[in-house]
Structure formats: C-alpha cells, structure tokens
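Heads up, run_23.txt below (compact mmCIF, C-alpha atoms):
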# COMPACT_ATOMS: atom_id res chain seq x y z
CA MET A 1 -10.54 38.07 -172.65
CA THR A 2 -10.31 35.53 -169.84
CA THR A 3 -12.64 36.33 -166.96
CA LYS A 4 -11.04 36.30 -163.49
CA ARG A 5 -13.03 36.07 -160.27
CA ALA A 6 -11.88 38.54 -157.62
CA VAL A 7 -12.95 39.73 -154.20
CA VAL A 8 -11.90 43.34 -153.56
CA SER A 9 -11.47 44.60 -150.01
CA LEU A 10 -11.71 48.39 -149.60
CA GLY A 11 -10.05 50.13 -146.65
CA HIS A 12 -10.82 53.46 -144.95
CA ASN A 13 -8.98 55.47 -147.62
CA ALA A 14 -11.45 54.24 -150.22
CA LEU A 15 -14.39 55.72 -148.28
CA GLY A 16 -13.20 58.68 -146.23
CA TYR A 17 -14.22 59.36 -142.66
CA THR A 18 -17.35 61.56 -143.01
CA THR A 19 -20.37 61.57 -145.30
CA ALA A 20 -18.89 64.45 -147.33
CA GLU A 21 -15.48 62.74 -147.61
CA GLN A 22 -17.16 59.50 -148.61
CA TRP A 23 -19.08 61.22 -151.41
CA ASP A 24 -15.78 62.34 -152.98
CA ALA A 25 -13.73 59.24 -152.09
CA VAL A 26 -16.07 56.72 -153.71
CA LYS A 27 -15.77 58.54 -157.04
CA LEU A 28 -12.04 57.75 -157.09
CA THR A 29 -12.69 54.27 -155.75
CA ALA A 30 -15.22 53.66 -158.52
CA LYS A 31 -12.57 54.45 -161.13
CA ALA A 32 -10.23 51.83 -159.67
CA LEU A 33 -13.03 49.25 -159.47
CA ALA A 34 -14.08 50.05 -163.05
CA ASP A 35 -10.46 49.54 -164.15
CA LEU A 36 -10.61 46.05 -162.67
CA ALA A 37 -13.96 45.29 -164.31
CA CYS A 38 -12.65 46.48 -167.68
CA GLU A 39 -9.56 44.26 -167.24
CA GLY A 40 -11.83 41.22 -167.20
CA TYR A 41 -12.51 40.76 -163.49
CA ASP A 42 -15.85 39.60 -162.12
CA LEU A 43 -16.04 41.50 -158.82
CA ALA A 44 -17.38 40.95 -155.35
CA ILE A 45 -16.63 43.94 -153.15
CA THR A 46 -16.41 44.26 -149.40
CA HIS A 47 -15.43 47.34 -147.42
CA SER A 48 -14.49 48.77 -144.05
CA ASN A 49 -17.01 50.72 -141.99
CA GLY A 50 -15.15 51.79 -138.82
CA PRO A 51 -15.72 55.55 -139.06
CA GLN A 52 -19.21 55.06 -140.52
CA VAL A 53 -20.55 52.68 -137.88
CA SER A 54 -19.00 54.79 -135.12
CA MET A 55 -20.67 57.91 -136.52
CA ILE A 56 -24.05 56.16 -136.64
CA HIS A 57 -23.61 54.83 -133.09
CA LYS A 58 -22.78 58.33 -131.83
CA ALA A 59 -25.77 59.84 -133.62
CA MET A 60 -28.21 57.26 -132.26
CA THR A 61 -26.79 57.64 -128.74
CA GLU A 62 -27.14 61.42 -128.86
CA LEU A 63 -30.69 61.08 -130.18
CA ARG A 64 -31.50 58.95 -127.13
CA HIS A 65 -30.11 61.68 -124.85
CA ILE A 66 -32.20 64.41 -126.50
CA TYR A 67 -35.35 62.31 -126.86
CA PRO A 68 -35.52 59.74 -124.01
CA ASP A 69 -38.45 57.97 -125.68
CA TYR A 70 -36.13 56.79 -128.46
CA SER A 71 -34.12 53.63 -127.88
CA SER A 72 -30.39 53.68 -128.53
CA ALA A 73 -29.49 51.49 -131.51
CA ALA A 74 -27.76 48.15 -130.97
CA MET A 75 -24.41 47.61 -132.67
CA CYS A 76 -25.94 45.12 -135.12
CA VAL A 77 -28.46 47.77 -136.22
CA CYS A 78 -25.70 50.39 -136.63
CA SER A 79 -23.76 47.89 -138.73
CA ALA A 80 -26.80 47.28 -140.94
CA MET A 81 -27.27 51.04 -141.41
CA SER A 82 -23.63 51.49 -142.40
CA GLN A 83 -23.83 48.63 -144.91
CA GLY A 84 -26.83 50.28 -146.52
CA TYR A 85 -25.50 53.77 -147.02
CA VAL A 86 -21.91 52.82 -147.88
CA GLY A 87 -23.19 50.24 -150.36
CA TYR A 88 -25.53 52.82 -151.83
CA ASP A 89 -22.67 55.25 -152.54
CA ILE A 90 -20.33 52.61 -154.00
CA GLN A 91 -23.10 51.06 -156.06
CA ASN A 92 -24.21 54.32 -157.67
CA SER A 93 -20.69 55.66 -158.25
CA LEU A 94 -19.46 52.42 -159.81
CA LYS A 95 -22.55 52.04 -162.00
CA GLY A 96 -22.09 55.63 -163.24
CA GLU A 97 -18.37 55.16 -163.89
CA LEU A 98 -18.98 52.00 -165.91
CA LEU A 99 -21.72 53.65 -167.97
CA SER A 100 -19.38 56.58 -168.73
CA ARG A 101 -17.04 54.00 -170.29
CA GLY A 102 -19.82 52.42 -172.30
CA VAL A 103 -20.06 49.38 -170.03
CA SER A 104 -23.44 48.20 -168.75
CA ARG A 105 -23.08 46.00 -165.65
CA ASN A 106 -25.55 45.45 -162.84
CA VAL A 107 -24.18 46.48 -159.43
CA VAL A 108 -26.07 45.29 -156.37
CA THR A 109 -25.62 45.57 -152.59
CA VAL A 110 -26.57 42.62 -150.37
CA LEU A 111 -27.30 43.28 -146.71
CA THR A 112 -25.14 40.54 -145.20
CA GLN A 113 -25.17 38.75 -141.86
CA VAL A 114 -22.22 36.72 -140.57
CA THR A 115 -22.45 34.15 -137.80
CA VAL A 116 -19.99 34.23 -134.91
CA ASP A 117 -19.29 31.87 -132.02
CA PRO A 118 -20.86 33.18 -128.79
CA TYR A 119 -17.95 31.59 -126.91
CA ASP A 120 -15.27 33.25 -129.04
CA ASP A 121 -12.54 34.52 -126.72
CA ALA A 122 -12.93 38.01 -128.24
CA PHE A 123 -16.20 38.47 -126.32
CA TYR A 124 -14.25 38.22 -123.05
CA HIS A 125 -11.53 40.60 -124.22
CA PRO A 126 -13.17 43.30 -126.39
CA THR A 127 -10.77 45.72 -128.09
CA LYS A 128 -12.67 47.73 -130.72
CA VAL A 129 -13.42 51.28 -129.55
CA ILE A 130 -16.69 52.84 -130.75
CA GLY A 131 -18.76 55.92 -130.05
CA ARG A 132 -18.00 59.14 -128.20
CA HIS A 133 -16.35 59.84 -124.85
CA MET A 134 -18.62 59.25 -121.86
CA THR A 135 -18.68 60.43 -118.29
CA ALA A 136 -18.01 57.99 -115.47
CA GLU A 137 -21.76 57.88 -114.76
CA GLU A 138 -22.57 57.04 -118.38
CA ALA A 139 -19.84 54.40 -118.44
CA ALA A 140 -21.24 52.82 -115.28
CA MET A 141 -24.66 52.67 -116.95
CA GLU A 142 -23.13 50.86 -119.94
CA GLU A 143 -21.38 48.42 -117.62
CA ARG A 144 -24.68 47.67 -115.87
CA LYS A 145 -26.15 46.78 -119.27
CA GLY A 146 -23.37 44.24 -119.75
CA ASN A 147 -21.23 46.36 -122.07
CA PHE A 148 -17.50 47.04 -121.72
CA THR A 149 -15.81 50.44 -121.34
CA VAL A 150 -12.24 51.72 -121.01
CA ASP A 151 -10.79 54.84 -119.44
CA ASP A 152 -9.19 56.96 -122.19
CA ALA A 153 -6.36 58.65 -120.26
CA GLY A 154 -8.45 61.27 -118.53
CA LYS A 155 -10.49 62.20 -121.62
CA GLY A 156 -13.44 60.17 -120.47
CA PHE A 157 -14.64 56.64 -121.03
CA LEU A 158 -15.13 54.81 -124.32
CA ARG A 159 -17.19 51.77 -125.13
CA VAL A 160 -15.34 48.77 -126.53
CA VAL A 161 -16.84 45.81 -128.38
CA ALA A 162 -15.55 42.40 -129.40
CA ALA A 163 -14.09 41.46 -132.80
CA PRO A 164 -14.85 37.71 -133.08
CA LYS A 165 -13.80 35.55 -136.03
CA PRO A 166 -16.43 35.10 -138.74
CA MET A 167 -17.87 31.60 -139.09
CA GLU A 168 -20.40 31.56 -141.94
CA ILE A 169 -21.86 34.15 -144.31
CA VAL A 170 -25.63 33.74 -143.97
CA GLU A 171 -26.54 35.12 -147.41
CA ILE A 172 -23.70 33.37 -149.29
CA ASP A 173 -26.04 31.44 -151.61
CA ALA A 174 -27.71 34.65 -152.78
CA ILE A 175 -24.32 36.40 -153.14
CA ARG A 176 -22.92 33.46 -155.13
CA THR A 177 -25.96 33.39 -157.44
CA LEU A 178 -25.62 37.09 -158.23
CA PHE A 179 -21.83 36.82 -158.62
CA ASP A 180 -22.05 33.78 -160.91
CA SER A 181 -24.59 35.59 -163.10
CA GLY A 182 -22.05 38.34 -163.84
CA MET A 183 -23.33 41.02 -161.49
CA ILE A 184 -20.92 43.10 -159.42
CA VAL A 185 -21.85 42.36 -155.81
CA ILE A 186 -21.16 44.53 -152.76
CA ALA A 187 -21.45 42.27 -149.72
CA ALA A 188 -20.40 41.77 -146.09
CA GLY A 189 -19.62 45.47 -145.71
CA GLY A 190 -17.86 46.33 -142.47
CA GLY A 191 -17.26 42.63 -141.89
CA GLY A 192 -20.97 41.87 -142.08
CA ILE A 193 -23.62 42.13 -139.38
CA PRO A 194 -22.42 39.78 -136.61
CA VAL A 195 -25.17 37.40 -135.51
CA ILE A 196 -25.45 34.39 -133.21
CA GLU A 197 -27.62 31.39 -134.05
CA GLN A 198 -30.24 30.69 -131.40
CA ASN A 199 -32.53 27.78 -132.27
CA CYS A 200 -34.10 28.85 -135.59
CA ALA A 201 -33.37 32.55 -135.18
CA LEU A 202 -30.42 34.87 -135.65
CA LYS A 203 -29.69 37.33 -132.85
CA GLY A 204 -27.50 40.39 -133.43
CA ALA A 205 -24.24 40.38 -131.47
CA SER A 206 -22.64 43.40 -129.80
CA ALA A 207 -19.51 43.10 -131.91
CA VAL A 208 -17.75 44.00 -135.13
CA ILE A 209 -15.94 41.70 -137.57
CA GLU A 210 -12.56 42.50 -139.12
CA LYS A 211 -13.00 43.54 -142.74
CA ASP A 212 -9.89 41.67 -143.91
CA SER A 213 -11.00 38.46 -142.23
CA ILE A 214 -14.41 38.51 -143.91
CA ALA A 215 -12.78 39.32 -147.27
CA ALA A 216 -10.75 36.09 -147.04
CA LEU A 217 -13.82 34.07 -146.09
CA LEU A 218 -15.88 35.61 -148.92
CA ALA A 219 -13.09 34.88 -151.43
CA ARG A 220 -12.96 31.26 -150.28
CA LYS A 221 -16.71 30.79 -150.45
CA LEU A 222 -16.90 32.28 -153.96
CA GLU A 223 -13.86 30.26 -155.09
CA ALA A 224 -12.24 33.47 -156.29
CA ASP A 225 -9.00 33.47 -158.25
CA SER A 226 -7.79 36.64 -156.54
CA LEU A 227 -8.18 38.59 -153.33
CA ILE A 228 -7.34 42.26 -153.95
CA ILE A 229 -6.77 44.31 -150.80
CA LEU A 230 -6.80 48.05 -151.45
CA THR A 231 -5.22 49.98 -148.59
CA GLY A 232 -3.25 53.16 -147.84
CA VAL A 233 0.15 52.05 -149.22
CA ASP A 234 1.21 50.99 -152.71
CA SER A 235 2.85 47.81 -151.44
CA VAL A 236 3.73 45.87 -148.31
CA ARG A 237 6.94 47.23 -146.74
CA LYS A 238 9.72 45.61 -144.80
CA ASN A 239 10.99 47.73 -141.88
CA PHE A 240 8.05 50.08 -142.39
CA GLY A 241 8.71 53.62 -141.18
CA LYS A 242 12.47 53.06 -140.71
CA GLU A 243 15.44 54.35 -142.67
CA ASP A 244 15.99 50.97 -144.33
CA GLU A 245 12.33 50.57 -145.35
CA GLU A 246 11.92 48.63 -148.59
CA PRO A 247 8.92 47.54 -150.67
CA ILE A 248 8.09 43.87 -151.11
CA TYR A 249 6.77 43.10 -154.57
CA GLU A 250 6.37 39.34 -154.28
CA LEU A 251 5.74 37.30 -151.16
CA HIS A 252 5.30 33.56 -150.64
CA ILE A 253 3.50 31.91 -147.73
CA ASP A 254 6.60 30.73 -145.89
CA GLU A 255 8.33 34.11 -146.21
CA ALA A 256 5.19 35.98 -145.10
CA GLU A 257 4.90 33.78 -142.01
CA LYS A 258 8.57 34.33 -141.22
CA LEU A 259 8.26 38.12 -141.50
CA MET A 260 5.11 38.09 -139.39
CA ALA A 261 6.87 36.06 -136.68
CA GLU A 262 9.64 38.68 -136.70
CA GLY A 263 7.05 41.40 -135.95
CA GLN A 264 7.40 43.10 -139.34
CA PHE A 265 3.64 43.73 -139.66
CA GLU A 266 1.81 45.94 -137.16
CA ASP A 267 -1.34 44.87 -135.35
CA GLY A 268 -4.42 46.68 -136.63
CA THR A 269 -2.76 47.79 -139.89
CA MET A 270 -0.84 45.40 -142.15
CA LYS A 271 -0.87 42.27 -139.96
CA PRO A 272 -4.63 41.54 -140.39
CA LYS A 273 -4.19 41.88 -144.16
CA ILE A 274 -1.30 39.41 -144.23
CA GLU A 275 -3.25 36.99 -142.01
CA ALA A 276 -6.26 37.22 -144.34
CA ALA A 277 -4.01 36.72 -147.37
CA LEU A 278 -2.47 33.59 -145.84
CA GLU A 279 -5.89 32.18 -144.94
CA PHE A 280 -7.07 32.60 -148.53
CA LEU A 281 -3.88 31.34 -150.17
CA LYS A 282 -3.88 28.15 -148.10
CA SER A 283 -7.40 27.37 -149.39
CA SER A 284 -6.41 27.15 -153.07
CA LYS A 285 -3.12 26.28 -154.74
CA ASP A 286 -3.81 28.62 -157.68
CA ALA A 287 -5.02 31.62 -155.67
CA GLU A 288 -3.20 34.93 -155.49
CA VAL A 289 -3.46 38.06 -153.36
CA LEU A 290 -2.67 41.60 -154.46
CA ILE A 291 -2.09 44.29 -151.82
CA THR A 292 -1.84 47.86 -153.10
CA SER A 293 -3.49 51.29 -152.98
CA ILE A 294 -6.43 52.76 -154.89
CA GLY A 295 -4.15 54.98 -156.94
CA ALA A 296 -1.73 52.20 -157.86
CA VAL A 297 -4.21 49.45 -158.72
CA GLU A 298 -3.85 49.78 -162.50
CA ASP A 299 -0.04 49.50 -162.29
CA ALA A 300 -0.37 46.67 -159.77
CA ILE A 301 -2.54 44.64 -162.15
CA ALA A 302 0.14 45.11 -164.80
CA GLY A 303 2.82 43.88 -162.39
CA LYS A 304 4.47 47.30 -162.05
CA ASN A 305 3.51 47.96 -158.41
CA GLY A 306 1.84 46.41 -155.40
CA THR A 307 2.65 43.24 -153.50
CA ARG A 308 1.67 39.95 -155.14
CA MET A 309 1.31 37.02 -152.76
CA VAL A 310 1.20 33.40 -153.92
CA ARG A 311 1.65 29.97 -152.35
Let me see the file written as structure tokens.
Amino acid sequence: MTTKRAVVSLGHNALGYTTAEQWDAVKLTAKALADLACEGYDLAITHSNGPQVSMIHKAMTELRHIYPDYSSAAMCVCSAMSQGYVGYDIQNSLKGELLSRGVSRNVVTVLTQVTVDPYDDAFYHPTKVIGRHMTAEEAAMEERKGNFTVDDAGKGFLRVVAAPKPMEIVEIDAIRTLFDSGMIVIAAGGGGIPVIEQNCALKGASAVIEKDSIAALLARKLEADSLIILTGVDSVRKNFGKEDEEPIYELHIDEAEKLMAEGQFEDGTMKPKIEAALEFLKSSKDAEVLITSIGAVEDAIAGKNGTRMVR
C-alpha cells in the first residue's frame, strides 16, 4: 500500500460545542480519521476551537468576577488551554479506535505556537467575537485596557479580537520529525497560539488564527500530498441554499477563483476553505484538496462523494 501524506482539518461539527458534545463527537471523528489511516494515509491533524476557546474565556472571566484576586486569562492562554483539552480527547479517541481495529499507531498532540505580524491589518480591524455579553461599564473597562468591543444590537457588548494571517509555525521541526517517523500528529489546534516575536522572546497576541489558513500552511510545511477539509457539508455547492443548488465534485484553480469572484462562497463558511485550498494547491503541482463531511469521508476517498480540488 502506497503511503500518502495528508493534513486533515476538522471543523466545529467534528468536535461539538460543549464538553459533553465533544466527548460524543470525537468518537465519530475518530472513526473517520481511523478510516483514513487504514487507507494508507500518514496524518497530521488540526482542528477548530471557536466554541472551546470562547467557553474557556468566559469561564476565566467569570472566575475573575467571583474571585478578584485571580487574573483573567489572556487570549493566548485560553488558546493553549483549548489546544490541550481538545487534543487530549482526539488523541485518546483515535488511539482507542485504531486499537479496536488491531492497528497500533502512536498519536501525539503538540502544543503549537504560530507567529503573526504585529502590523497585520487585522489588528486594526478585529472581527472575531469571543466571550459573553458585557455591560457598557465592563466594555469601557476592556476598551481602557486596549481591547476592542462591539454593541450587539441592544443585547450588550461583546469583545472582538483580530484574526491575523499566520506567518511561521514555531514548532514545525518537532511536528515534522514526529510526522516523518510515522506518528499521527495533532498540531496547531484552533489555528495555533498566536505569538509575536520580540527580540529573543515570543509574546502571546490578543488574536485568533483561522483554522483553514493554518491547515494550508501546515500542509505546505510538511509537503503533504493532500489537504483534507472535513466540514458540515458533503461537498462544495454552487448556488448554496437556492433552488438551483448543485454539488461540485471536481474543481480546478481557475474555476474556483472564478466562482469566488462571483460571490459563490460565503465569508466565514466556505470561502476560507476555498482560499486555503488555493493557497495549498499553488504550492505544489501534484497536491490535491478534498472537501467533505465526517460522515462522507470514506465515500469521498473512493471518489463517490466530496469535492476534489486540483491544479
């Protein structure tokens, strides 16, 4: 069996939105990942963390309100916490699923930092909402600390953080060593912990990184053959949500760019996935991208479902 190198990007559906949902969701996700491993793929896995990091941020903020002596956790710390516990669940579920099939593979989670440009335009126009609703007084306090908030249509105020582009994966050498040795590696979860280089130190940034963007960068750095994006739909759709909606089973770079220019892919949902796919495809003439859902991954590998993107 020919071994193929793949980076798998897991969306929210693969993890659920609460700790209880995640416990059940990763069991199904582990089956799909085990299917890929048993089909001859060496895997590096990255995942979303939006609900998880928001939950941690809320919990740490509330703890600060109840116990003033505790400091509220910075976004970089919340990101690190989410990487740890999401990686823990995926790692254990996948290891167990593989063993149930008689397959012994090491699965390891790497706490991953990703450098960002402090002058990235995203820091001046933050868009990612996190945390709970705040009063006007609480929002003013956040603003005084240099953070950004938005008024949520009379419901209160919400904190927003930047989503800068990833530059470099700090732990890439360690990730590559583990990956090349045949281990299944979970890395750069939630986009990685965003950090800024300051002299010889790394300082955590008040930001989040798009999961799809880091998946493309990780796939490039590992020289993967495939980028597999597992999301909430079986395939990319043209005219999504309309009467004439139709699935797209194969997509080339020029056609994808044309459809994106026509506004076929929505911001925050399919568009970031297509952008990540294009970034990866342009880095290697033999690369391919597969976009499908957890439930359809086996059929997608066999060419019976999903959207396959090539140069």
Pick from A:Gly146, A:Pro118, A:Gly156, A:Gly87: nearest to A:Gln22, with all atoms listed in the file counted?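 Ranking A:Gly146, A:Pro118, A:Gly156, A:Gly87 by distance to A:Gln22, first place goes to A:Gly87.
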Restricting to all atoms listed in the file, whichever of A:Asp69, A:Asp286, A:Asp267, A:Glu250 is closest to A:Thr307 is A:Glu250
Please identify all polymer residues within 8 Å of stretch 27-36 of chain A, counting only C-alpha atoms, omitting same-chain residues fewer than 4 positions from it, and present them as a list in words. Ala14, Leu15, Trp23, Gly40, Tyr41, Ile90, Ser93, Leu94, Glu97, Leu98, Ile294, Gly295, Val297 and Glu298 of chain A
Please, what distance in Å, to one decimal, runs between atom CA of A:Glu62 and atom CA of A:Gly192?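 That distance, rounded to one decimal, is 24.4 Å.
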What is the atom CA of A:Asn305-atom CA of A:Leu281 distance in Å, reported with one decimal?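 Separating atom CA of A:Asn305 from atom CA of A:Leu281 is a distance of 20.0 Å.
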Check which residues of stretch 181-215 of chain A sit at most 12 Å from stretch 119-135 of chain A using all atoms listed in the file, and return one row each with the closest pair of atoms and their distance in Å to one decimal, ordered by chain and rising number, as JSON lines.
{"residue": "A:Ile196", "atom": "CA", "partner": "A:Tyr119", "partner_atom": "CA", "distance": 10.2}
{"residue": "A:Ala205", "atom": "CA", "partner": "A:Phe123", "partner_atom": "CA", "distance": 9.7}
{"residue": "A:Ser206", "atom": "CA", "partner": "A:Phe123", "partner_atom": "CA", "distance": 8.8}
{"residue": "A:Ala207", "atom": "CA", "partner": "A:Phe123", "partner_atom": "CA", "distance": 8.0}
{"residue": "A:Val208", "atom": "CA", "partner": "A:Lys128", "partner_atom": "CA", "distance": 7.7}
{"residue": "A:Ile209", "atom": "CA", "partner": "A:Lys128", "partner_atom": "CA", "distance": 9.7}
{"residue": "A:Glu210", "atom": "CA", "partner": "A:Lys128", "partner_atom": "CA", "distance": 9.9}
